[in-house]
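Structure file target_0.tsv; described as TSV, C-alpha atoms.
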chain	number	residue	atom	x	y	z
D	1	MET	CA	-43.84	40.31	-11.43
D	2	ASP	CA	-42.00	39.37	-8.27
D	3	ASP	CA	-38.36	38.69	-9.16
D	4	THR	CA	-37.08	38.13	-5.64
D	5	GLY	CA	-36.51	34.46	-6.46
D	6	GLU	CA	-34.08	35.15	-9.30
D	7	GLY	CA	-30.72	33.54	-8.68
D	8	GLY	CA	-32.16	31.54	-5.81
D	9	PRO	CA	-30.46	28.22	-6.55
D	10	LEU	CA	-27.09	29.91	-7.08
D	11	THR	CA	-27.44	31.93	-3.90
D	12	MET	CA	-28.36	28.79	-2.00
D	13	TRP	CA	-25.20	26.93	-3.07
D	14	LEU	CA	-22.74	29.78	-2.51
D	15	PRO	CA	-22.36	29.15	1.25
D	16	VAL	CA	-21.76	25.45	0.58
D	17	VAL	CA	-19.09	26.19	-2.03
D	18	ALA	CA	-17.48	28.71	0.31
D	19	LEU	CA	-17.40	26.23	3.19
D	20	VAL	CA	-15.89	23.49	1.00
D	21	GLY	CA	-13.28	25.93	-0.30
D	22	LEU	CA	-12.46	27.06	3.23
D	23	TYR	CA	-12.14	23.46	4.39
D	24	TYR	CA	-9.60	22.59	1.68
D	25	LEU	CA	-7.68	25.81	2.27
D	26	LEU	CA	-7.41	25.09	5.97
D	27	ARG	CA	-6.47	21.45	5.31
D	28	TRP	CA	-3.77	22.57	2.88
D	29	TYR	CA	-2.31	24.92	5.48
D	30	TRP	CA	-2.63	22.32	8.25
D	31	GLU	CA	-0.92	19.57	6.26
D	32	ARG	CA	1.95	21.64	4.82
D	33	GLN	CA	3.54	22.17	8.25
D	34	VAL	CA	6.78	20.19	8.36
D	35	VAL	CA	8.43	18.41	11.29
D	36	SER	CA	11.59	20.16	12.49
D	37	HIS	CA	15.12	18.67	12.57
D	38	LEU	CA	14.44	16.06	9.91
D	39	GLN	CA	18.17	15.53	9.46
D	40	ASP	CA	18.24	13.92	12.92
D	41	LYS	CA	15.35	11.52	12.24
D	42	TYR	CA	15.87	7.82	11.55
D	43	VAL	CA	13.45	6.00	9.24
D	44	PHE	CA	13.42	2.22	8.74
D	45	ILE	CA	11.91	1.01	5.44
D	46	THR	CA	11.25	-2.58	4.38
D	47	GLY	CA	11.22	-3.90	0.82
D	48	CYS	CA	13.89	-1.55	-0.55
D	49	ASP	CA	15.26	-3.81	-3.29
D	50	SER	CA	12.90	-2.23	-5.83
D	51	GLY	CA	9.57	-0.49	-6.29
D	52	PHE	CA	8.08	1.89	-3.73
D	53	GLY	CA	10.58	1.07	-1.00
D	54	ASN	CA	13.59	1.68	-3.20
D	55	LEU	CA	12.25	5.00	-4.47
D	56	LEU	CA	11.22	6.15	-1.00
D	57	ALA	CA	14.66	5.35	0.42
D	58	ARG	CA	16.30	7.50	-2.27
D	59	GLN	CA	13.70	10.23	-1.85
D	60	LEU	CA	14.14	10.51	1.91
D	61	ASP	CA	17.91	10.34	1.58
D	62	LEU	CA	17.78	13.39	-0.71
D	63	ARG	CA	15.57	15.08	1.89
D	64	GLY	CA	18.35	14.61	4.46
D	65	LEU	CA	16.77	11.99	6.71
D	66	ARG	CA	18.79	9.08	8.10
D	67	VAL	CA	17.46	6.14	6.13
D	68	LEU	CA	17.81	2.56	7.36
D	69	ALA	CA	16.85	0.46	4.35
D	70	ALA	CA	15.95	-3.22	4.64
D	71	CYS	CA	16.49	-5.32	1.53
D	72	LEU	CA	15.80	-8.99	0.90
D	73	THR	CA	19.01	-9.50	-1.11
D	74	GLU	CA	22.57	-8.23	-0.86
D	75	GLU	CA	22.39	-7.36	-4.56
D	76	GLY	CA	19.46	-5.03	-3.93
D	77	ALA	CA	21.22	-3.46	-0.95
D	78	GLN	CA	24.41	-2.88	-2.91
D	79	GLN	CA	22.58	-1.24	-5.80
D	80	LEU	CA	20.70	1.06	-3.42
D	81	ARG	CA	23.87	2.11	-1.61
D	82	GLY	CA	25.40	2.98	-4.98
D	83	GLN	CA	22.53	5.41	-5.67
D	84	THR	CA	22.45	7.22	-2.33
D	85	SER	CA	24.59	9.17	0.13
D	86	ASP	CA	26.77	7.72	2.87
D	87	ARG	CA	24.00	8.49	5.39
D	88	LEU	CA	21.88	5.64	4.11
D	89	GLU	CA	22.56	2.23	5.64
D	90	THR	CA	21.21	-1.15	4.58
D	91	VAL	CA	20.41	-4.41	6.31
D	92	ILE	CA	19.24	-7.77	4.97
D	93	LEU	CA	15.75	-8.67	6.19
D	94	ASP	CA	13.36	-11.53	5.55
D	95	VAL	CA	10.08	-10.60	7.24
D	96	THR	CA	8.95	-14.24	7.23
D	97	LYS	CA	11.72	-15.26	9.65
D	98	THR	CA	11.63	-14.33	13.33
D	99	GLU	CA	15.40	-14.49	13.72
D	100	SER	CA	15.86	-12.07	10.81
D	101	ILE	CA	13.37	-9.63	12.34
D	102	SER	CA	15.06	-9.85	15.76
D	103	ALA	CA	18.47	-9.21	14.23
D	104	ALA	CA	17.15	-6.21	12.27
D	105	ALA	CA	15.50	-4.75	15.39
D	106	GLN	CA	18.79	-5.02	17.30
D	107	TRP	CA	20.65	-3.49	14.35
D	108	VAL	CA	18.27	-0.53	14.34
D	109	LYS	CA	18.47	-0.12	18.12
D	110	GLU	CA	22.26	0.15	17.94
D	111	ARG	CA	21.99	2.98	15.42
D	112	VAL	CA	19.17	5.08	16.79
D	113	GLY	CA	20.20	4.89	20.45
D	114	ASP	CA	18.21	6.97	22.91
D	115	ARG	CA	16.64	9.03	20.13
D	116	GLY	CA	14.45	6.16	19.09
D	117	LEU	CA	13.10	5.40	15.64
D	118	TRP	CA	11.14	8.24	14.08
D	119	GLY	CA	9.62	6.31	11.21
D	120	LEU	CA	8.79	2.69	10.39
D	121	VAL	CA	7.56	2.06	6.86
D	122	ASN	CA	6.13	-1.43	6.34
D	123	ASN	CA	6.39	-1.64	2.58
D	124	ALA	CA	7.52	-5.23	1.88
D	125	GLY	CA	4.87	-7.26	0.10
D	126	ILE	CA	4.22	-9.95	-2.49
D	127	PHE	CA	1.34	-10.89	-4.80
D	128	HIS	CA	0.25	-14.39	-5.73
D	129	PRO	CA	-0.51	-15.33	-9.36
D	130	HIS	CA	-3.33	-13.18	-10.77
D	131	CYS	CA	-5.94	-15.91	-10.74
D	132	TYR	CA	-9.11	-17.13	-9.07
D	133	SER	CA	-9.02	-18.25	-5.45
D	134	GLU	CA	-9.52	-21.97	-6.04
D	135	TRP	CA	-6.73	-22.02	-8.65
D	136	LEU	CA	-4.22	-21.32	-5.88
D	137	LYS	CA	-2.51	-23.79	-3.59
D	138	MET	CA	-2.49	-23.38	0.18
D	139	GLU	CA	1.23	-22.61	-0.05
D	140	ASP	CA	0.34	-19.53	-2.09
D	141	TYR	CA	-2.06	-18.38	0.63
D	142	MET	CA	0.47	-18.91	3.40
D	143	ASP	CA	3.33	-17.22	1.52
D	144	VAL	CA	1.31	-14.05	0.94
D	145	LEU	CA	-0.04	-13.89	4.50
D	146	LYS	CA	3.42	-14.46	6.00
D	147	VAL	CA	4.92	-11.51	4.13
D	148	ASN	CA	2.04	-9.06	3.84
D	149	LEU	CA	0.43	-9.47	7.25
D	150	ILE	CA	2.16	-11.74	9.79
D	151	GLY	CA	5.61	-10.38	8.97
D	152	LEU	CA	4.33	-6.81	9.10
D	153	ILE	CA	2.78	-7.39	12.52
D	154	GLU	CA	5.85	-9.12	13.95
D	155	LEU	CA	8.23	-6.46	12.66
D	156	THR	CA	6.02	-3.65	13.95
D	157	LEU	CA	5.83	-5.14	17.43
D	158	SER	CA	9.62	-5.61	17.44
D	159	MET	CA	10.23	-1.97	16.49
D	160	LEU	CA	7.41	-0.47	18.55
D	161	PRO	CA	9.46	0.39	21.69
D	162	LEU	CA	11.89	2.37	19.51
D	163	VAL	CA	9.06	4.20	17.70
D	164	ARG	CA	7.31	4.94	20.98
D	165	ARG	CA	10.51	6.41	22.41
D	166	ALA	CA	10.71	8.86	19.49
D	167	ARG	CA	6.96	9.54	19.49
D	168	GLY	CA	7.28	8.70	15.84
D	169	ARG	CA	5.34	7.42	12.87
D	170	ILE	CA	4.32	4.05	11.48
D	171	VAL	CA	3.38	3.96	7.80
D	172	ASN	CA	1.75	0.74	6.63
D	173	VAL	CA	1.42	0.11	2.91
D	174	SER	CA	-1.95	-1.47	2.27
D	175	SER	CA	-3.70	-1.34	-1.12
D	176	ILE	CA	-6.90	-0.19	-2.68
D	177	LEU	CA	-7.68	-3.91	-2.52
D	178	GLY	CA	-7.71	-3.46	1.24
D	179	ARG	CA	-10.72	-1.18	0.84
D	180	ILE	CA	-12.72	-3.08	-1.77
D	181	ALA	CA	-12.02	-6.75	-2.48
D	182	PHE	CA	-12.70	-7.93	-5.99
D	183	PHE	CA	-9.54	-9.63	-7.24
D	184	GLY	CA	-6.72	-11.64	-5.69
D	185	GLY	CA	-8.46	-13.33	-2.78
D	186	VAL	CA	-5.55	-13.90	-0.40
D	187	TYR	CA	-3.84	-10.62	-1.31
D	188	CYS	CA	-7.05	-8.73	-0.50
D	189	SER	CA	-7.35	-10.69	2.74
D	190	SER	CA	-3.82	-9.74	3.76
D	191	LYS	CA	-4.43	-6.07	3.02
D	192	TYR	CA	-7.75	-6.01	4.87
D	193	GLY	CA	-5.72	-7.37	7.78
D	194	VAL	CA	-3.20	-4.54	7.41
D	195	GLU	CA	-6.03	-2.01	7.51
D	196	ALA	CA	-7.51	-3.54	10.66
D	197	PHE	CA	-4.14	-3.84	12.44
D	198	SER	CA	-3.34	-0.23	11.57
D	199	ASP	CA	-6.69	1.03	12.85
D	200	ILE	CA	-6.20	-0.82	16.13
D	201	LEU	CA	-2.63	0.46	16.55
D	202	ARG	CA	-3.71	4.04	15.87
D	203	ARG	CA	-6.26	3.92	18.67
D	204	GLU	CA	-4.01	2.07	21.10
D	205	LEU	CA	-0.98	4.32	20.62
D	206	GLN	CA	-2.62	7.73	20.41
D	207	HIS	CA	-1.72	8.58	24.03
D	208	PHE	CA	1.96	7.79	23.35
D	209	GLY	CA	2.19	10.40	20.60
D	210	VAL	CA	2.69	7.76	17.89
D	211	LYS	CA	0.83	8.39	14.64
D	212	ILE	CA	-0.22	5.65	12.23
D	213	SER	CA	-0.84	6.20	8.52
D	214	ILE	CA	-2.11	3.79	5.88
D	215	VAL	CA	-1.13	4.19	2.22
D	216	GLU	CA	-3.53	2.61	-0.28
D	217	PRO	CA	-2.01	2.52	-3.77
D	218	GLY	CA	-4.05	1.77	-6.84
D	219	TYR	CA	-2.46	-0.09	-9.75
D	220	PHE	CA	1.21	0.77	-10.28
D	221	ARG	CA	4.02	-0.82	-12.27
D	222	THR	CA	6.34	-2.50	-9.77
D	223	GLY	CA	7.97	-5.90	-9.56
D	224	MET	CA	4.64	-7.34	-8.42
D	225	THR	CA	2.89	-6.16	-11.59
D	226	GLU	CA	5.61	-6.74	-14.19
D	227	PRO	CA	3.52	-8.07	-17.11
D	228	GLN	CA	5.71	-10.87	-18.47
D	229	GLN	CA	6.49	-12.36	-15.06
D	230	CYS	CA	2.89	-12.10	-13.87
D	231	LEU	CA	1.48	-13.71	-17.00
D	232	GLU	CA	3.97	-16.57	-16.82
D	233	LYS	CA	2.94	-17.23	-13.20
D	234	LEU	CA	-0.71	-17.14	-14.24
D	235	LYS	CA	-0.12	-19.75	-16.95
D	236	GLN	CA	1.80	-21.95	-14.56
D	237	ALA	CA	-0.94	-21.73	-11.94
D	238	TRP	CA	-3.56	-22.74	-14.52
D	239	GLU	CA	-1.47	-25.70	-15.67
D	240	GLU	CA	-1.28	-26.97	-12.09
D	241	VAL	CA	-5.01	-26.61	-11.38
D	242	PRO	CA	-6.76	-29.98	-10.77
D	243	VAL	CA	-8.67	-31.35	-13.75
D	244	HIS	CA	-12.12	-31.06	-12.14
D	245	ILE	CA	-11.56	-27.34	-11.47
D	246	LYS	CA	-10.32	-26.78	-15.04
D	247	GLU	CA	-13.45	-28.45	-16.35
D	248	ALA	CA	-15.65	-26.23	-14.18
D	249	TYR	CA	-14.13	-23.05	-15.63
D	250	GLY	CA	-13.06	-24.17	-19.09
D	251	GLN	CA	-10.16	-23.17	-21.32
D	252	LYS	CA	-12.15	-20.39	-22.98
D	253	PHE	CA	-12.75	-18.84	-19.57
D	254	PHE	CA	-9.02	-18.92	-18.79
D	255	ASP	CA	-8.09	-17.40	-22.15
D	256	THR	CA	-10.50	-14.51	-21.63
D	257	HIS	CA	-9.27	-14.04	-18.05
D	258	TYR	CA	-5.66	-14.10	-19.25
D	259	ASP	CA	-6.36	-11.36	-21.81
D	260	GLY	CA	-8.11	-9.26	-19.17
D	261	VAL	CA	-5.20	-9.56	-16.75
D	262	LYS	CA	-2.77	-8.67	-19.52
D	263	GLN	CA	-4.69	-5.52	-20.41
D	264	GLY	CA	-4.93	-4.53	-16.75
D	265	LEU	CA	-1.19	-4.96	-16.18
D	266	LEU	CA	-0.35	-2.86	-19.22
D	267	LYS	CA	-2.47	0.00	-17.84
D	268	CYS	CA	-0.62	0.21	-14.50
D	269	SER	CA	0.73	3.67	-13.71
D	270	THR	CA	4.50	4.12	-13.87
D	271	ASN	CA	4.49	7.26	-11.72
D	272	LEU	CA	5.55	5.70	-8.41
D	273	ASN	CA	6.05	9.15	-6.90
D	274	LEU	CA	2.28	9.36	-6.41
D	275	VAL	CA	2.75	6.69	-3.74
D	276	THR	CA	6.12	7.67	-2.26
D	277	ASP	CA	5.02	11.30	-1.92
D	278	CYS	CA	2.20	10.07	0.32
D	279	MET	CA	4.70	8.07	2.39
D	280	GLU	CA	7.01	11.06	2.67
D	281	HIS	CA	4.17	13.32	3.78
D	282	ALA	CA	3.13	10.80	6.43
D	283	LEU	CA	6.68	10.88	7.82
D	284	THR	CA	7.47	14.58	7.56
D	285	SER	CA	4.20	16.46	8.09
D	286	VAL	CA	3.31	17.69	11.55
D	287	HIS	CA	-0.25	16.57	10.81
D	288	PRO	CA	-0.16	13.38	8.68
D	289	ARG	CA	-3.34	11.86	7.32
D	290	THR	CA	-4.78	8.62	8.62
D	291	ARG	CA	-5.22	7.27	5.09
D	292	TYR	CA	-3.66	8.17	1.75
D	293	SER	CA	-5.27	6.99	-1.48
D	294	ALA	CA	-2.54	7.01	-4.12
D	295	GLY	CA	-3.31	7.04	-7.83
D	296	TRP	CA	-6.13	8.40	-9.96
D	297	ASP	CA	-7.83	4.98	-10.16
D	298	SER	CA	-7.83	4.78	-6.38
D	299	LEU	CA	-9.17	8.30	-5.85
D	300	PHE	CA	-11.80	8.49	-8.54
D	301	PHE	CA	-12.96	4.92	-9.07
D	302	PHE	CA	-12.21	2.43	-6.30
D	303	ILE	CA	-12.76	4.66	-3.26
D	304	PRO	CA	-16.14	5.98	-4.51
D	305	LEU	CA	-17.04	2.43	-5.53
D	306	SER	CA	-16.36	1.18	-2.01
D	307	TYR	CA	-19.16	3.40	-0.66
D	308	LEU	CA	-21.83	2.08	-3.02
D	309	PRO	CA	-24.34	-0.60	-1.97
D	310	THR	CA	-22.73	-4.03	-2.26
D	311	SER	CA	-25.10	-5.26	-4.95
D	312	LEU	CA	-24.32	-2.24	-7.13
D	313	SER	CA	-20.55	-2.45	-6.68
D	314	ASP	CA	-20.70	-6.20	-7.41
D	315	TYR	CA	-22.48	-5.50	-10.67
D	316	ILE	CA	-20.03	-2.78	-11.74
D	317	LEU	CA	-16.97	-4.88	-10.94
D	318	THR	CA	-18.13	-8.18	-12.45
D	319	ARG	CA	-20.35	-7.18	-15.37
D	320	SER	CA	-17.55	-7.81	-17.90
D	321	TRP	CA	-16.23	-11.02	-16.35
D	322	PRO	CA	-16.49	-14.19	-18.48
D	323	LYS	CA	-18.82	-17.01	-17.48
D	324	PRO	CA	-17.37	-20.39	-16.47
D	325	ALA	CA	-18.08	-23.42	-18.63
D	326	GLN	CA	-20.30	-24.96	-15.96
D	327	ALA	CA	-22.08	-21.75	-14.97
D	328	VAL	CA	-25.71	-22.22	-13.98

Would you kindly transcribe this structure into C-alpha cells?
Amino acid sequence: MDDTGEGGPLTMWLPVVALVGLYYLLRWYWERQVVSHLQDKYVFITGCDSGFGNLLARQLDLRGLRVLAACLTEEGAQQLRGQTSDRLETVILDVTKTESISAAAQWVKERVGDRGLWGLVNNAGIFHPHCYSEWLKMEDYMDVLKVNLIGLIELTLSMLPLVRRARGRIVNVSSILGRIAFFGGVYCSSKYGVEAFSDILRRELQHFGVKISIVEPGYFRTGMTEPQQCLEKLKQAWEEVPVHIKEAYGQKFFDTHYDGVKQGLLKCSTNLNLVTDCMEHALTSVHPRTRYSAGWDSLFFFIPLSYLPTSLSDYILTRSWPKPAQAV
C-alpha cells in the first residue's frame, strides 16, 4: 500500500504555521523598539480628571516623560498633581470652547518651545444616556458631537504645528463603537467621525514624519460607564420622552432595556491599563500601530463581528433585544 500520503494535511499546514509564527516574531521585535530621549519629550493629554486620561498621565510621568495634562476642573487637576512628580503640569481645558482651546495651545507652546510637542492624546469624551436614538433630545446629540468630534478636531488643528515641528505622534481615542455601530447612536456617530478624521490625518501628514494612532477600547469601567449614574440618566431620559414615543415602545420594553443596560455596565472591565498601555506604546514605540483594539471583548468579539456580512452581524447583535409594543 502506498503510504506517501500519510501526514499530508499536517505537512501542508506546517509552512503556514511557520509563516504566521515568523510574522508575529518579527512584529514583536519591530514594535518593541523604543524612542530615545523620552525624558525630553512633551505629551499633552486631554480628559485627565479621571479614567484613561488620568491613568495615562500618571503612567507616562512614571516613565519620565514631560506630561502636560488638561483637566476640565481645578479639583481634578489638583488631585492629579498630588499623585505625580513635579514634572507634570496641568491646565484647565474645555474642548467645546474655542477660547479655551486657544489658551491651552498657547500654554503648551510656551512650555515646549522649539522642541515642539511630541505627543497629543485626544482622550476627552462623553457619553449620552444609554438609550435609543429617538429618546434623546437634540441637545444630547450636540453635546456629544461637540466634545467627542468637533472639539477633538479643533484642538488637533490648534496643536498640529507644534506636533509637526517635533515630528511627533497624535493618539486619538475612538471606541469599538467606532468600528461597529449597534448602540448609542450619536456616540457611535462621533467615534466613526474620529476614525475618519484620523485616517485622513495619517495620510496627509505622513510626509511630515507625524504618526497617527487610533485606540479603540471595548467596555471599561470609567466615569462614562459608572452604573448608578448611567442608570439614573437612563431613567430621566425615559421620563422626558414624548408620550407618543413611549407608547410606541411601551413600559415593558423600557424595563427590559434597563435591565440589559444594567447587566452590561456591571460587566465592564476594570483593568484600564489594557487601554493606557496601548496609548503608551503609540507614544513611545519607534513603530506604533495604526490601530489598537483594547480589551478582550474588542479583540475577540466586536472586531471579528465587524467583518461579517451586515445581515449576519445585525442578527447576532439584535437577536436578544426586546420588541417594542407597537412592533409590526

Hey, can you check how far CA of Lys323 in chain D sits from CA of Asp255 in chain D?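 So the answer is 11.7 Å.
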
Given only C-alpha atoms as the counted atoms, nearest of D:Val67, D:Ile214, D:Val261, D:Ala248 to Gly184 in chain D: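 Nearest candidate to Gly184 in chain D out of D:Val67, D:Ile214, D:Val261, D:Ala248: D:Val261.
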
Taking all atoms listed in the file into account, which of D:Ser102, D:Gln236, D:Ser285, D:Thr84 comes nearest Pro129 in chain D? D:Gln236

Would you list the contacts of Trp30 in chain D as an mmCIF file with C-alpha atoms, in the frame of the given file, taking every protein, DNA or RNA residue within 10 Å and counting only C-alpha atoms, but skipping same-chain residues closer than 3 positions in sequence?
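Writing the result to part04.cif gives the following:
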data_model
loop_
_atom_site.group_PDB
_atom_site.id
_atom_site.type_symbol
_atom_site.label_atom_id
_atom_site.label_comp_id
_atom_site.auth_asym_id
_atom_site.auth_seq_id
_atom_site.Cartn_x
_atom_site.Cartn_y
_atom_site.Cartn_z
ATOM 1 C CA TYR D 24 -9.600 22.590 1.680
ATOM 2 C CA LEU D 25 -7.680 25.810 2.270
ATOM 3 C CA LEU D 26 -7.410 25.090 5.970
ATOM 4 C CA ARG D 27 -6.470 21.450 5.310
ATOM 5 C CA GLN D 33 3.540 22.170 8.250
ATOM 6 C CA VAL D 34 6.780 20.190 8.360
ATOM 7 C CA SER D 285 4.200 16.460 8.090
ATOM 8 C CA VAL D 286 3.310 17.690 11.550
ATOM 9 C CA HIS D 287 -0.250 16.570 10.810
ATOM 10 C CA PRO D 288 -0.160 13.380 8.680
#

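Once His130 in chain D and its same-chain neighbours fewer than 3 positions away are set aside, Phe127, Phe183, Gly184, Cys230, Leu231, Lys233, Leu234, Ala237, Tyr258 and Val261 of chain D remain within 9 Å of it when counting all atoms listed in the file.
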
Atom pair CA of Asp94 in chain D / CA of Leu72 in chain D: separation (Å):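 According to the coordinates, CA of Asp94 in chain D and CA of Leu72 in chain D are separated by 5.8 Å.
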
Gap from CA of Thr73 in chain D to CA of Tyr187 in chain D - Å, one decimal: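 CA of Thr73 in chain D sits 22.9 Å away from CA of Tyr187 in chain D.
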
Have a look at D:Arg115, D:Lys146, D:Val95, D:Arg291 and name the one nearest to Asp199 in chain D; count only C-alpha atoms.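 When distances to Asp199 in chain D are compared using only C-alpha atoms, the smallest one comes from D:Arg291.
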
Please list as number ranges by chain every residue within 10 Å of Leu299 in chain D, counting all atoms listed in the file and excluding residues in the same chain fewer than 5 positions away. D: 176, 216-218, 292-294, 304-305

Centre and edges of the range 296-305 of chain D box, axis-aligned, 8 Å extra per side, as AutoDock Vina command-line options:
--center_x -11.6 --center_y 5.5 --center_z -6.7 --size_x 26.9 --size_y 22.1 --size_z 22.9

Go through D:Ile245, D:Leu56, D:Arg221, D:Ile92 one by one, measure the shortest atom-to-atom distance of each to Asn271 in chain D using only C-alpha atoms, and give the residue with the smallest value.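 Among D:Ile245, D:Leu56, D:Arg221, D:Ile92, it is D:Arg221 that comes nearest to Asn271 in chain D.
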
Please supply range 139-147 of chain D, rebuilt with all heavy atoms, as a CSV table (one decimal), in the coordinates of the input.
chain,number,residue,atom,x,y,z
D,139,GLU,N,-0.1,-23.2,-0.2
D,139,GLU,CA,1.2,-22.6,0.0
D,139,GLU,C,1.2,-21.2,-0.5
D,139,GLU,O,1.9,-20.3,0.1
D,139,GLU,CB,2.3,-23.4,-0.8
D,139,GLU,CG,2.4,-24.8,-0.5
D,139,GLU,CD,1.6,-25.7,-1.4
D,139,GLU,OE1,2.1,-26.2,-2.4
D,139,GLU,OE2,0.4,-26.0,-1.0
D,140,ASP,N,0.5,-20.9,-1.6
D,140,ASP,CA,0.3,-19.5,-2.1
D,140,ASP,C,-0.3,-18.6,-1.0
D,140,ASP,O,0.1,-17.5,-0.8
D,140,ASP,CB,-0.5,-19.5,-3.4
D,140,ASP,CG,0.2,-20.3,-4.5
D,140,ASP,OD1,1.4,-20.2,-4.7
D,140,ASP,OD2,-0.5,-21.0,-5.2
D,141,TYR,N,-1.4,-19.1,-0.4
D,141,TYR,CA,-2.1,-18.4,0.6
D,141,TYR,C,-1.1,-18.1,1.8
D,141,TYR,O,-1.0,-16.9,2.3
D,141,TYR,CB,-3.3,-19.2,1.2
D,141,TYR,CG,-4.5,-19.1,0.3
D,141,TYR,CD1,-4.6,-19.9,-0.9
D,141,TYR,CD2,-5.5,-18.2,0.5
D,141,TYR,CE1,-5.7,-19.9,-1.7
D,141,TYR,CE2,-6.6,-18.2,-0.3
D,141,TYR,CZ,-6.7,-19.0,-1.4
D,141,TYR,OH,-7.8,-18.9,-2.2
D,142,MET,N,-0.4,-19.1,2.2
D,142,MET,CA,0.5,-18.9,3.4
D,142,MET,C,1.6,-18.0,3.1
D,142,MET,O,2.0,-17.1,3.9
D,142,MET,CB,1.0,-20.3,3.9
D,142,MET,CG,-0.1,-21.2,4.4
D,142,MET,SD,-1.1,-20.5,5.7
D,142,MET,CE,0.2,-20.2,6.9
D,143,ASP,N,2.2,-18.1,1.9
D,143,ASP,CA,3.3,-17.2,1.5
D,143,ASP,C,2.9,-15.7,1.6
D,143,ASP,O,3.7,-14.9,2.1
D,143,ASP,CB,3.8,-17.6,0.1
D,143,ASP,CG,4.6,-18.9,0.1
D,143,ASP,OD1,4.9,-19.4,1.2
D,143,ASP,OD2,4.8,-19.5,-1.0
D,144,VAL,N,1.8,-15.4,1.0
D,144,VAL,CA,1.3,-14.0,0.9
D,144,VAL,C,1.0,-13.5,2.3
D,144,VAL,O,1.4,-12.4,2.7
D,144,VAL,CB,0.1,-13.9,0.0
D,144,VAL,CG1,-0.5,-12.5,0.1
D,144,VAL,CG2,0.4,-14.2,-1.4
D,145,LEU,N,0.3,-14.3,3.1
D,145,LEU,CA,0.0,-13.9,4.5
D,145,LEU,C,1.2,-13.7,5.4
D,145,LEU,O,1.3,-12.8,6.2
D,145,LEU,CB,-1.0,-14.9,5.1
D,145,LEU,CG,-2.4,-14.9,4.5
D,145,LEU,CD1,-3.2,-16.1,5.1
D,145,LEU,CD2,-3.1,-13.6,4.8
D,146,LYS,N,2.2,-14.6,5.2
D,146,LYS,CA,3.4,-14.5,6.0
D,146,LYS,C,4.2,-13.1,5.7
D,146,LYS,O,4.7,-12.5,6.7
D,146,LYS,CB,4.4,-15.6,5.7
D,146,LYS,CG,3.9,-16.9,6.4
D,146,LYS,CD,4.9,-18.1,6.0
D,146,LYS,CE,4.5,-19.4,6.6
D,146,LYS,NZ,5.4,-20.5,6.2
D,147,VAL,N,4.2,-12.7,4.5
D,147,VAL,CA,4.9,-11.5,4.1
D,147,VAL,C,4.1,-10.3,4.4
D,147,VAL,O,4.5,-9.3,5.1
D,147,VAL,CB,5.4,-11.5,2.6
D,147,VAL,CG1,6.0,-10.2,2.3
D,147,VAL,CG2,6.3,-12.7,2.4
